[in-house]
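For reference, query.json (JSON, C-alpha atoms and all ligand atoms):
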```json
[["chain", "number", "residue", "atom", "x", "y", "z"],
["A", 23, "MET", "CA", 68.80, 58.43, 67.36],
["A", 24, "PRO", "CA", 65.56, 56.56, 68.22],
["A", 25, "ALA", "CA", 64.16, 57.11, 71.72],
["A", 26, "PRO", "CA", 64.94, 54.26, 74.14],
["A", 27, "ALA", "CA", 62.05, 52.01, 75.22],
["A", 28, "ASP", "CA", 62.54, 52.83, 78.91],
["A", 29, "LEU", "CA", 62.54, 56.64, 78.78],
["A", 30, "PRO", "CA", 62.51, 57.25, 82.57],
["A", 31, "ALA", "CA", 65.60, 55.02, 83.02],
["A", 32, "ALA", "CA", 67.40, 56.71, 80.12],
["A", 33, "ILE", "CA", 66.56, 60.19, 81.47],
["A", 34, "ASP", "CA", 67.77, 59.19, 84.91],
["A", 35, "ALA", "CA", 71.11, 57.93, 83.52],
["A", 36, "LEU", "CA", 71.65, 61.12, 81.48],
["A", 37, "ARG", "CA", 70.70, 63.33, 84.41],
["A", 38, "ARG", "CA", 73.50, 61.76, 86.49],
["A", 39, "GLU", "CA", 76.02, 61.84, 83.63],
["A", 40, "ARG", "CA", 75.36, 65.56, 82.96],
["A", 41, "ASN", "CA", 74.99, 66.57, 86.64],
["A", 42, "ALA", "CA", 71.60, 67.98, 85.67],
["A", 43, "VAL", "CA", 68.64, 68.95, 87.80],
["A", 44, "ILE", "CA", 65.13, 68.57, 86.34],
["A", 45, "LEU", "CA", 62.77, 71.32, 87.51],
["A", 46, "ALA", "CA", 59.08, 70.98, 86.63],
["A", 47, "HIS", "CA", 56.05, 73.19, 87.00],
["A", 48, "TYR", "CA", 52.78, 71.65, 88.24],
["A", 49, "TYR", "CA", 51.25, 72.08, 84.76],
["A", 50, "GLN", "CA", 53.56, 69.48, 83.22],
["A", 51, "ASP", "CA", 52.40, 66.01, 82.19],
["A", 52, "ASP", "CA", 52.20, 63.51, 85.06],
["A", 53, "ALA", "CA", 55.14, 61.49, 83.67],
["A", 54, "ILE", "CA", 57.39, 64.58, 83.71],
["A", 55, "GLN", "CA", 56.32, 65.47, 87.26],
["A", 56, "ASP", "CA", 57.11, 61.90, 88.32],
["A", 57, "ILE", "CA", 60.70, 62.09, 87.12],
["A", 58, "ALA", "CA", 61.47, 65.68, 88.15],
["A", 59, "ASP", "CA", 63.91, 66.46, 90.97],
["A", 60, "PHE", "CA", 61.72, 69.33, 92.09],
["A", 61, "ILE", "CA", 58.16, 70.40, 91.31],
["A", 62, "GLY", "CA", 56.92, 73.84, 92.28],
["A", 63, "ASP", "CA", 55.18, 77.08, 91.44],
["A", 64, "SER", "CA", 56.97, 79.92, 89.61],
["A", 65, "LEU", "CA", 58.44, 81.43, 92.78],
["A", 66, "GLU", "CA", 59.72, 78.15, 94.18],
["A", 67, "LEU", "CA", 61.18, 77.14, 90.82],
["A", 68, "SER", "CA", 63.06, 80.42, 90.45],
["A", 69, "ARG", "CA", 64.48, 80.01, 93.97],
["A", 70, "LYS", "CA", 65.60, 76.47, 93.10],
["A", 71, "ALA", "CA", 67.17, 77.68, 89.84],
["A", 72, "ALA", "CA", 69.07, 80.38, 91.75],
["A", 73, "ASN", "CA", 70.46, 77.96, 94.33],
["A", 74, "THR", "CA", 71.16, 74.67, 92.56],
["A", 75, "ASP", "CA", 74.63, 73.05, 92.51],
["A", 76, "ALA", "CA", 73.88, 71.26, 89.25],
["A", 77, "ASP", "CA", 75.76, 72.17, 86.05],
["A", 78, "VAL", "CA", 72.65, 71.84, 83.91],
["A", 79, "ILE", "CA", 69.08, 72.97, 84.62],
["A", 80, "VAL", "CA", 66.44, 71.23, 82.53],
["A", 81, "PHE", "CA", 63.40, 73.44, 82.87],
["A", 82, "CYS", "CA", 60.15, 71.57, 82.26],
["A", 83, "GLY", "CA", 57.93, 74.59, 82.07],
["A", 84, "VAL", "CA", 57.57, 77.48, 79.63],
["A", 85, "HIS", "CA", 60.04, 79.89, 78.05],
["A", 86, "PHE", "CA", 59.79, 82.74, 80.58],
["A", 87, "MET", "CA", 60.52, 80.26, 83.40],
["A", 88, "ALA", "CA", 63.64, 78.87, 81.70],
["A", 89, "GLU", "CA", 64.69, 82.43, 80.86],
["A", 90, "THR", "CA", 64.31, 83.43, 84.53],
["A", 91, "ALA", "CA", 66.49, 80.45, 85.49],
["A", 92, "LYS", "CA", 69.17, 81.64, 83.04],
["A", 93, "ILE", "CA", 68.95, 85.21, 84.35],
["A", 94, "LEU", "CA", 69.50, 83.94, 87.90],
["A", 95, "SER", "CA", 72.11, 81.30, 87.05],
["A", 96, "PRO", "CA", 74.03, 82.52, 83.98],
["A", 97, "GLU", "CA", 76.91, 80.09, 84.52],
["A", 98, "LYS", "CA", 74.58, 77.08, 84.17],
["A", 99, "THR", "CA", 73.44, 75.46, 80.96],
["A", 100, "VAL", "CA", 69.64, 75.88, 80.86],
["A", 101, "LEU", "CA", 67.67, 73.54, 78.62],
["A", 102, "LEU", "CA", 63.97, 73.74, 77.73],
["A", 103, "PRO", "CA", 62.63, 70.50, 76.16],
["A", 104, "ASP", "CA", 60.61, 72.51, 73.61],
["A", 105, "LEU", "CA", 61.75, 76.07, 72.87],
["A", 106, "GLU", "CA", 58.29, 76.82, 71.41],
["A", 107, "ALA", "CA", 56.72, 76.50, 74.88],
["A", 108, "GLY", "CA", 55.68, 80.13, 75.28],
["A", 109, "CYS", "CA", 52.92, 81.80, 77.30],
["A", 110, "SER", "CA", 49.92, 83.82, 76.15],
["A", 111, "LEU", "CA", 50.56, 86.37, 78.90],
["A", 112, "ALA", "CA", 54.14, 86.97, 77.82],
["A", 113, "ASP", "CA", 52.98, 87.20, 74.19],
["A", 114, "ALA", "CA", 50.30, 89.73, 75.17],
["A", 115, "CYS", "CA", 52.93, 92.24, 76.28],
["A", 116, "PRO", "CA", 55.44, 93.10, 73.52],
["A", 117, "ALA", "CA", 58.43, 95.06, 74.85],
["A", 118, "ASP", "CA", 58.06, 98.07, 72.53],
["A", 119, "ALA", "CA", 54.34, 98.54, 73.27],
["A", 120, "PHE", "CA", 55.12, 98.17, 76.97],
["A", 121, "ALA", "CA", 57.78, 100.88, 76.72],
["A", 122, "ALA", "CA", 55.18, 103.23, 75.23],
["A", 123, "PHE", "CA", 52.72, 102.37, 78.02],
["A", 124, "ARG", "CA", 55.38, 103.08, 80.66],
["A", 125, "ALA", "CA", 56.18, 106.39, 79.01],
["A", 126, "GLU", "CA", 52.53, 107.42, 79.48],
["A", 127, "HIS", "CA", 52.91, 106.74, 83.23],
["A", 128, "PRO", "CA", 56.39, 108.09, 84.07],
["A", 129, "ASP", "CA", 55.77, 108.47, 87.82],
["A", 130, "HIS", "CA", 54.51, 104.88, 88.33],
["A", 131, "ILE", "CA", 56.35, 102.02, 90.02],
["A", 132, "VAL", "CA", 56.36, 99.23, 87.43],
["A", 133, "VAL", "CA", 55.44, 95.80, 88.82],
["A", 134, "SER", "CA", 55.48, 92.92, 86.33],
["A", 135, "TYR", "CA", 54.21, 89.41, 86.80],
["A", 136, "ILE", "CA", 57.00, 86.90, 86.16],
["A", 137, "ASN", "CA", 54.97, 85.63, 83.14],
["A", 138, "CYS", "CA", 56.63, 88.12, 80.77],
["A", 139, "SER", "CA", 59.71, 88.31, 78.56],
["A", 140, "ALA", "CA", 63.16, 89.35, 79.78],
["A", 141, "ALA", "CA", 62.76, 92.53, 77.71],
["A", 142, "VAL", "CA", 59.67, 93.46, 79.77],
["A", 143, "LYS", "CA", 61.37, 92.44, 83.02],
["A", 144, "ALA", "CA", 64.25, 94.74, 82.10],
["A", 145, "GLN", "CA", 61.76, 97.66, 82.02],
["A", 146, "SER", "CA", 60.28, 96.79, 85.43],
["A", 147, "ASP", "CA", 61.09, 97.94, 88.96],
["A", 148, "LEU", "CA", 59.84, 94.76, 90.59],
["A", 149, "ILE", "CA", 58.84, 91.26, 89.49],
["A", 150, "CYS", "CA", 56.18, 89.26, 91.31],
["A", 151, "THR", "CA", 54.58, 85.83, 91.05],
["A", 152, "SER", "CA", 51.04, 84.81, 91.85],
["A", 153, "SER", "CA", 52.17, 83.66, 95.31],
["A", 154, "ASN", "CA", 53.81, 86.90, 96.46],
["A", 155, "ALA", "CA", 52.11, 89.64, 94.38],
["A", 156, "VAL", "CA", 49.75, 90.87, 97.13],
["A", 157, "ASP", "CA", 52.46, 90.91, 99.77],
["A", 158, "LEU", "CA", 54.94, 92.76, 97.52],
["A", 159, "VAL", "CA", 52.45, 95.39, 96.35],
["A", 160, "LYS", "CA", 51.53, 96.08, 100.00],
["A", 161, "GLN", "CA", 55.20, 96.86, 100.70],
["A", 162, "LEU", "CA", 55.40, 99.61, 98.05],
["A", 163, "PRO", "CA", 55.39, 103.30, 99.15],
["A", 164, "ALA", "CA", 51.78, 104.41, 99.65],
["A", 165, "ASP", "CA", 52.31, 107.75, 97.88],
["A", 166, "ARG", "CA", 53.48, 106.22, 94.56],
["A", 167, "PRO", "CA", 51.10, 105.06, 91.79],
["A", 168, "ILE", "CA", 51.66, 101.52, 90.47],
["A", 169, "LEU", "CA", 51.53, 100.08, 86.98],
["A", 170, "PHE", "CA", 50.87, 96.32, 86.84],
["A", 171, "ALA", "CA", 51.50, 94.06, 83.82],
["A", 172, "PRO", "CA", 50.71, 91.87, 81.99],
["A", 173, "ASP", "CA", 47.80, 89.98, 83.65],
["A", 174, "GLN", "CA", 44.75, 92.15, 84.26],
["A", 175, "ASN", "CA", 42.89, 89.36, 86.12],
["A", 176, "LEU", "CA", 45.73, 88.85, 88.59],
["A", 177, "GLY", "CA", 46.09, 92.64, 88.79],
["A", 178, "ARG", "CA", 42.43, 93.13, 89.72],
["A", 179, "TRP", "CA", 42.71, 90.48, 92.42],
["A", 180, "VAL", "CA", 45.91, 92.05, 93.81],
["A", 181, "GLN", "CA", 44.12, 95.38, 93.81],
["A", 182, "SER", "CA", 41.23, 93.97, 95.86],
["A", 183, "GLN", "CA", 43.55, 92.20, 98.34],
["A", 184, "SER", "CA", 46.11, 94.97, 98.80],
["A", 185, "GLY", "CA", 43.80, 97.99, 98.78],
["A", 186, "ARG", "CA", 46.18, 99.65, 96.26],
["A", 187, "GLU", "CA", 44.92, 101.05, 93.00],
["A", 188, "LEU", "CA", 46.80, 99.60, 90.00],
["A", 189, "THR", "CA", 47.00, 100.77, 86.41],
["A", 190, "LEU", "CA", 46.58, 97.52, 84.49],
["A", 191, "TRP", "CA", 48.07, 96.27, 81.25],
["A", 192, "PRO", "CA", 45.22, 94.48, 79.41],
["A", 193, "GLY", "CA", 46.71, 90.96, 79.14],
["A", 194, "SER", "CA", 45.22, 87.62, 80.15],
["A", 195, "CYS", "CA", 45.93, 83.89, 80.14],
["A", 196, "ILE", "CA", 44.08, 81.92, 77.46],
["A", 197, "VAL", "CA", 43.81, 78.93, 79.79],
["A", 198, "HIS", "CA", 42.41, 80.72, 82.84],
["A", 199, "GLU", "CA", 39.93, 82.62, 80.68],
["A", 200, "THR", "CA", 38.48, 79.41, 79.30],
["A", 201, "PHE", "CA", 36.79, 77.84, 82.31],
["A", 202, "SER", "CA", 33.05, 77.42, 81.97],
["A", 203, "GLU", "CA", 31.03, 79.12, 84.71],
["A", 204, "GLN", "CA", 28.09, 76.88, 83.87],
["A", 205, "ALA", "CA", 30.20, 73.73, 84.36],
["A", 206, "LEU", "CA", 31.52, 75.12, 87.64],
["A", 207, "LEU", "CA", 27.98, 75.78, 88.91],
["A", 208, "GLN", "CA", 26.94, 72.28, 87.84],
["A", 209, "LEU", "CA", 29.91, 70.74, 89.72],
["A", 210, "LYS", "CA", 28.98, 72.78, 92.81],
["A", 211, "LEU", "CA", 25.43, 71.41, 92.62],
["A", 212, "GLU", "CA", 26.66, 67.83, 92.27],
["A", 213, "HIS", "CA", 29.21, 68.19, 95.09],
["A", 214, "PRO", "CA", 27.71, 70.63, 97.59],
["A", 215, "GLY", "CA", 30.46, 70.04, 100.19],
["A", 216, "ALA", "CA", 33.31, 70.67, 97.74],
["A", 217, "GLU", "CA", 35.63, 73.63, 98.24],
["A", 218, "VAL", "CA", 36.35, 75.70, 95.12],
["A", 219, "LEU", "CA", 40.09, 76.42, 94.68],
["A", 220, "ALA", "CA", 41.05, 79.04, 92.08],
["A", 221, "HIS", "CA", 44.21, 80.53, 90.60],
["A", 222, "PRO", "CA", 44.14, 84.37, 90.59],
["A", 223, "GLU", "CA", 44.61, 84.42, 86.80],
["A", 224, "CYS", "CA", 40.90, 83.43, 86.55],
["A", 225, "GLN", "CA", 38.35, 86.05, 85.62],
["A", 226, "GLN", "CA", 36.54, 87.94, 88.40],
["A", 227, "HIS", "CA", 33.16, 86.22, 87.94],
["A", 228, "LEU", "CA", 34.86, 82.86, 88.64],
["A", 229, "LEU", "CA", 36.96, 84.18, 91.53],
["A", 230, "ASP", "CA", 33.68, 85.39, 93.06],
["A", 231, "LEU", "CA", 32.60, 81.72, 93.24],
["A", 232, "ALA", "CA", 35.87, 80.51, 94.83],
["A", 233, "ASP", "CA", 36.40, 79.59, 98.48],
["A", 234, "TYR", "CA", 40.17, 79.90, 98.27],
["A", 235, "ILE", "CA", 42.44, 81.77, 95.80],
["A", 236, "GLY", "CA", 46.18, 81.29, 95.44],
["A", 237, "SER", "CA", 49.18, 80.20, 93.38],
["A", 238, "THR", "CA", 49.46, 76.55, 92.35],
["A", 239, "SER", "CA", 51.55, 75.70, 95.44],
["A", 240, "LYS", "CA", 49.12, 77.49, 97.71],
["A", 241, "LEU", "CA", 46.19, 75.59, 96.16],
["A", 242, "LEU", "CA", 48.04, 72.33, 96.78],
["A", 243, "HIS", "CA", 48.71, 73.21, 100.44],
["A", 244, "ARG", "CA", 45.10, 74.25, 100.88],
["A", 245, "ALA", "CA", 43.93, 70.88, 99.56],
["A", 246, "GLU", "CA", 46.17, 69.19, 102.14],
["A", 247, "GLU", "CA", 45.18, 71.36, 105.08],
["A", 248, "SER", "CA", 41.47, 71.98, 104.51],
["A", 249, "SER", "CA", 38.92, 69.87, 106.38],
["A", 250, "ALA", "CA", 36.97, 69.53, 103.10],
["A", 251, "THR", "CA", 37.23, 66.15, 101.40],
["A", 252, "SER", "CA", 36.41, 67.25, 97.86],
["A", 253, "PHE", "CA", 37.61, 70.14, 95.71],
["A", 254, "ILE", "CA", 36.70, 71.79, 92.44],
["A", 255, "VAL", "CA", 39.90, 73.15, 90.95],
["A", 256, "LEU", "CA", 39.97, 76.25, 88.73],
["A", 257, "THR", "CA", 43.42, 76.09, 87.25],
["A", 258, "GLU", "CA", 45.36, 73.99, 84.74],
["A", 259, "PRO", "CA", 44.56, 70.33, 85.58],
["A", 260, "GLY", "CA", 48.25, 69.31, 85.79],
["A", 261, "ILE", "CA", 48.10, 70.32, 89.47],
["A", 262, "LEU", "CA", 45.57, 67.56, 90.17],
["A", 263, "HIS", "CA", 48.34, 64.95, 89.86],
["A", 264, "GLN", "CA", 50.15, 66.26, 92.96],
["A", 265, "MET", "CA", 46.86, 66.83, 94.79],
["A", 266, "ARG", "CA", 45.87, 63.20, 94.24],
["A", 267, "LEU", "CA", 49.34, 61.97, 95.27],
["A", 268, "LYS", "CA", 49.50, 64.13, 98.40],
["A", 269, "VAL", "CA", 45.94, 63.56, 99.63],
["A", 270, "ALA", "CA", 44.82, 60.31, 98.05],
["A", 271, "HIS", "CA", 41.68, 60.00, 100.19],
["A", 272, "LYS", "CA", 40.23, 63.31, 98.88],
["A", 273, "GLN", "CA", 38.40, 63.91, 95.60],
["A", 274, "PHE", "CA", 39.38, 66.48, 92.97],
["A", 275, "PHE", "CA", 37.38, 67.74, 90.02],
["A", 276, "GLU", "CA", 38.76, 69.83, 87.16],
["A", 277, "VAL", "CA", 36.55, 72.43, 85.46],
["A", 278, "PRO", "CA", 36.29, 72.04, 81.68],
["A", 279, "GLY", "CA", 36.53, 74.88, 79.21],
["A", 280, "ALA", "CA", 33.41, 76.47, 77.76],
["A", 281, "ASP", "CA", 31.91, 74.18, 75.04],
["A", 282, "GLY", "CA", 33.34, 71.19, 76.94],
["A", 283, "CYS", "CA", 36.70, 71.55, 75.17],
["A", 284, "SER", "CA", 39.91, 70.33, 76.81],
["A", 285, "CYS", "CA", 41.45, 73.80, 76.39],
["A", 286, "ASN", "CA", 41.81, 74.01, 80.20],
["A", 287, "ALA", "CA", 45.19, 72.31, 79.55],
["A", 288, "CYS", "CA", 47.94, 74.84, 78.78],
["A", 289, "PRO", "CA", 48.94, 74.23, 75.15],
["A", 290, "TYR", "CA", 52.40, 75.70, 75.79],
["A", 291, "MET", "CA", 53.21, 73.72, 78.93],
["A", 292, "ARG", "CA", 52.01, 70.54, 77.26],
["A", 293, "LEU", "CA", 54.48, 70.90, 74.38],
["A", 294, "ASN", "CA", 57.07, 69.34, 76.67],
["A", 295, "THR", "CA", 57.00, 65.54, 76.64],
["A", 296, "LEU", "CA", 59.04, 62.80, 78.27],
["A", 297, "GLU", "CA", 60.63, 62.04, 74.89],
["A", 298, "LYS", "CA", 61.65, 65.68, 74.36],
["A", 299, "LEU", "CA", 63.03, 65.73, 77.92],
["A", 300, "TRP", "CA", 65.22, 62.72, 77.09],
["A", 301, "GLN", "CA", 66.16, 64.24, 73.73],
["A", 302, "CYS", "CA", 67.32, 67.53, 75.24],
["A", 303, "LEU", "CA", 69.44, 65.78, 77.88],
["A", 304, "ASN", "CA", 70.90, 63.61, 75.15],
["A", 305, "THR", "CA", 71.79, 66.43, 72.72],
["A", 306, "MET", "CA", 72.05, 69.31, 75.25],
["A", 307, "GLN", "CA", 69.69, 71.24, 72.95],
["A", 308, "PRO", "CA", 67.64, 73.39, 72.80],
["A", 309, "GLU", "CA", 69.64, 75.63, 75.11],
["A", 310, "LEU", "CA", 68.38, 78.93, 76.47],
["A", 311, "VAL", "CA", 70.88, 81.64, 75.52],
["A", 312, "MET", "CA", 70.58, 85.34, 76.34],
["A", 313, "ASP", "CA", 72.19, 88.65, 75.63],
["A", 314, "GLU", "CA", 74.31, 89.50, 78.71],
["A", 315, "GLN", "CA", 73.27, 93.16, 78.91],
["A", 316, "LEU", "CA", 69.59, 92.24, 78.78],
["A", 317, "ARG", "CA", 70.16, 89.54, 81.39],
["A", 318, "GLN", "CA", 71.72, 92.03, 83.79],
["A", 319, "ARG", "CA", 68.88, 94.53, 83.34],
["A", 320, "ALA", "CA", 66.26, 91.81, 83.87],
["A", 321, "LEU", "CA", 68.09, 90.48, 86.94],
["A", 322, "ALA", "CA", 67.69, 93.55, 89.18],
["A", 323, "PRO", "CA", 63.86, 93.45, 89.52],
["A", 324, "ILE", "CA", 63.92, 89.66, 90.03],
["A", 325, "GLN", "CA", 66.52, 89.98, 92.79],
["A", 326, "ARG", "CA", 64.38, 92.70, 94.37],
["A", 327, "MET", "CA", 61.47, 90.27, 94.37],
["A", 328, "LEU", "CA", 63.54, 87.51, 95.99],
["A", 329, "GLU", "CA", 64.78, 89.90, 98.68],
["A", 330, "MET", "CA", 61.33, 91.33, 99.41],
["A", 331, "SER", "CA", 59.60, 87.95, 99.53],
["A", 332, "ARG", "CA", 61.92, 86.29, 102.02],
["B", 1, "LIG", "P1", 52.17, 79.92, 89.56],
["B", 1, "LIG", "O1", 52.65, 81.24, 90.10],
["B", 1, "LIG", "O2", 51.09, 79.33, 90.43],
["B", 1, "LIG", "O3", 53.30, 78.99, 89.33],
["B", 1, "LIG", "O4", 51.47, 80.19, 88.17],
["B", 1, "LIG", "C1", 52.19, 80.22, 86.97],
["B", 1, "LIG", "C2", 51.33, 80.19, 85.79],
["B", 1, "LIG", "O5", 51.78, 80.25, 84.67],
["B", 1, "LIG", "C3", 49.91, 80.12, 85.99],
["B", 1, "LIG", "O6", 49.27, 80.06, 84.79],
["B", 2, "LIG", "FE1", 50.97, 81.16, 80.41],
["B", 2, "LIG", "FE2", 48.45, 80.61, 81.02],
["B", 2, "LIG", "FE3", 50.04, 78.66, 80.23],
["B", 2, "LIG", "FE4", 50.38, 79.78, 82.65],
["B", 2, "LIG", "S1", 48.63, 78.58, 81.95],
["B", 2, "LIG", "S2", 51.98, 79.30, 81.16],
["B", 2, "LIG", "S3", 49.84, 81.90, 82.19],
["B", 2, "LIG", "S4", 49.40, 80.42, 79.00]]
```

What is this file in structure tokens?
Amino acid sequence: MPAPADLPAAIDALRRERNAVILAHYYQDDAIQDIADFIGDSLELSRKAANTDADVIVFCGVHFMAETAKILSPEKTVLLPDLEAGCSLADACPADAFAAFRAEHPDHIVVSYINCSAAVKAQSDLICTSSNAVDLVKQLPADRPILFAPDQNLGRWVQSQSGRELTLWPGSCIVHETFSEQALLQLKLEHPGAEVLAHPECQQHLLDLADYIGSTSKLLHRAEESSATSFIVLTEPGILHQMRLKVAHKQFFEVPGADGCSCNACPYMRLNTLEKLWQCLNTMQPELVMDEQLRQRALAPIQRMLEMSR
């Protein structure tokens, strides 16, 4: 069936017909953010997925996010506009290699960033997101060693903020490792009053140049609350759409990738399009389906996170 000319109107009609809620991460295309019922960071989106009354959750984000929604709301139909929308962090931590790593550290509490597969979550004691990782790690018993996976950049930052030593899995995000330090320094020279906002998935040498570090939602709130009127933003540029909508009188600059490439845009997140969003509501495919035993094992550490981060 050909896509209708007015995609937003067609999506809106299908959303009502299906009793669907459209959840979108800040790294989605502007047009998807504009039609979403709720936009948020990973923690906020998982809370929404756990509490929605809708029959269908259309998750405009990446696979691990839709999978988390299914783990939390197994009775709902969870759709992901493009099932190929993965995540380099999740890919960097295969479940069998992770099991071997855990076996080398049997006494450690296992804390995994939500950017991982259900099979890795199922092997974890606690899940965290970039917005609650420091707070959760601080709550862990001081006499127990901690293993942190899969993002070593986030792990190093959590280590510095919590004062806890972490044994790190050596994963990283291809997007947050791409930002050019030279371009950042140039932007700082051109805009001396600008505040530098960074996501903790960035490498340490970039975090050292940041004025404020936090999850996507925290960066957005900082842009609203700060007295600065211009900002250089070290994360996926999708977030700039909400920043510009929320504080239209302020200026925002994205940092390009090294070599001036546009690889600061997440290639996985950007697989979702407005047309695929319409298509999935129309056909109710692709649907996220999971093995029930795996779902139950992955649920416990996510629930622990939600309880501890209240
Ligand atoms: P948030 O926790 O800010 O949503 O980050 C998710 C993510 O994938 C960042 O790359
Ligand atoms: Fe994964 Fe990085 Fe994309 Fe976030 S930006 S979804 S961590 S690849």

Name the residues, using the chain letters and numbers of the file, that sit within 12 Å of (45.4, 68.0, 104.4) when counting all atoms listed in the file, and give them as a PyMOL selection string.
chain A and resi 241-253+265-273

From the list A:Val142, A:Ile33, A:Ile44, A:Cys150, which residue is nearest Thr74 in chain A when using all atoms listed in the file?
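Of A:Val142, A:Ile33, A:Ile44, A:Cys150, the one nearest Thr74 in chain A is A:Ile44, counting all atoms listed in the file.
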
Identify, on the basis of only C-alpha atoms, every residue whose closest approach to Asp104 in chain A does not exceed 7 Å; exclude the query and any residue fewer than 2 positions from it along the same chain; express the result as a ChimeraX atom specification.
/A:102,106-107,293-294,298

Can you check which parts of chain A lie within 6 Å of ligand LIG 1 (chain B)? Per residue, the shortest pair of atoms and distance in Å to one decimal, counting only C-alpha atoms and all ligand atoms, sorted by chain and number, as JSON lines.
```
{"residue": "A:Asp63", "atom": "CA", "partner": "B:LIG1", "partner_atom": "O3", "distance": 3.4}
{"residue": "A:Ser64", "atom": "CA", "partner": "B:LIG1", "partner_atom": "O3", "distance": 3.8}
{"residue": "A:Thr151", "atom": "CA", "partner": "B:LIG1", "partner_atom": "O1", "distance": 5.1}
{"residue": "A:Ser152", "atom": "CA", "partner": "B:LIG1", "partner_atom": "O1", "distance": 4.3}
{"residue": "A:Ser153", "atom": "CA", "partner": "B:LIG1", "partner_atom": "O1", "distance": 5.8}
{"residue": "A:Ser237", "atom": "CA", "partner": "B:LIG1", "partner_atom": "O2", "distance": 3.6}
{"residue": "A:Thr238", "atom": "CA", "partner": "B:LIG1", "partner_atom": "O2", "distance": 3.8}
```

What lies within 8 Å of range 305-320 of chain A using all atoms listed in the file, ignoring chain neighbours under 5 positions off, as a PyMOL selection string?
chain A and resi 88-89+92-93+99-105+140-146

Could those residues be written to a file, using C-alpha atoms, as a short mmCIF file (atom, residue, chain, number, x, y, z; two decimals), in the coordinates of the input?
```
data_model
loop_
_atom_site.label_atom_id
_atom_site.label_comp_id
_atom_site.auth_asym_id
_atom_site.auth_seq_id
_atom_site.Cartn_x
_atom_site.Cartn_y
_atom_site.Cartn_z
CA ALA A 88 63.64 78.87 81.70
CA GLU A 89 64.69 82.43 80.86
CA LYS A 92 69.17 81.64 83.04
CA ILE A 93 68.95 85.21 84.35
CA THR A 99 73.44 75.46 80.96
CA VAL A 100 69.64 75.88 80.86
CA LEU A 101 67.67 73.54 78.62
CA LEU A 102 63.97 73.74 77.73
CA PRO A 103 62.63 70.50 76.16
CA ASP A 104 60.61 72.51 73.61
CA LEU A 105 61.75 76.07 72.87
CA ALA A 140 63.16 89.35 79.78
CA ALA A 141 62.76 92.53 77.71
CA VAL A 142 59.67 93.46 79.77
CA LYS A 143 61.37 92.44 83.02
CA ALA A 144 64.25 94.74 82.10
CA GLN A 145 61.76 97.66 82.02
CA SER A 146 60.28 96.79 85.43
#
```

Please identify the residues whose atoms come within 8 Å of ligand LIG 2 (chain B), using all atoms listed in the file, and report them as a ChimeraX atom specification.
/A:49,83-84,108-112,137,194-198,223,257-258,287-291

Give me the residues within 8 Å of range 154-164 of chain A as a PyMOL selection string, counting all atoms listed in the file and dropping any in the same chain fewer than 4 places off.
chain A and resi 135+150+180-181+183-184+186+327+330-331

At a cut-off of 9 Å, using only C-alpha atoms, what residues contact Thr90 in chain A? Leave out same-chain residues fewer than 3 positions from it and give the result as a ChimeraX atom specification.
/A:68,71,85-87,93-95,136,139-140,320-321,324
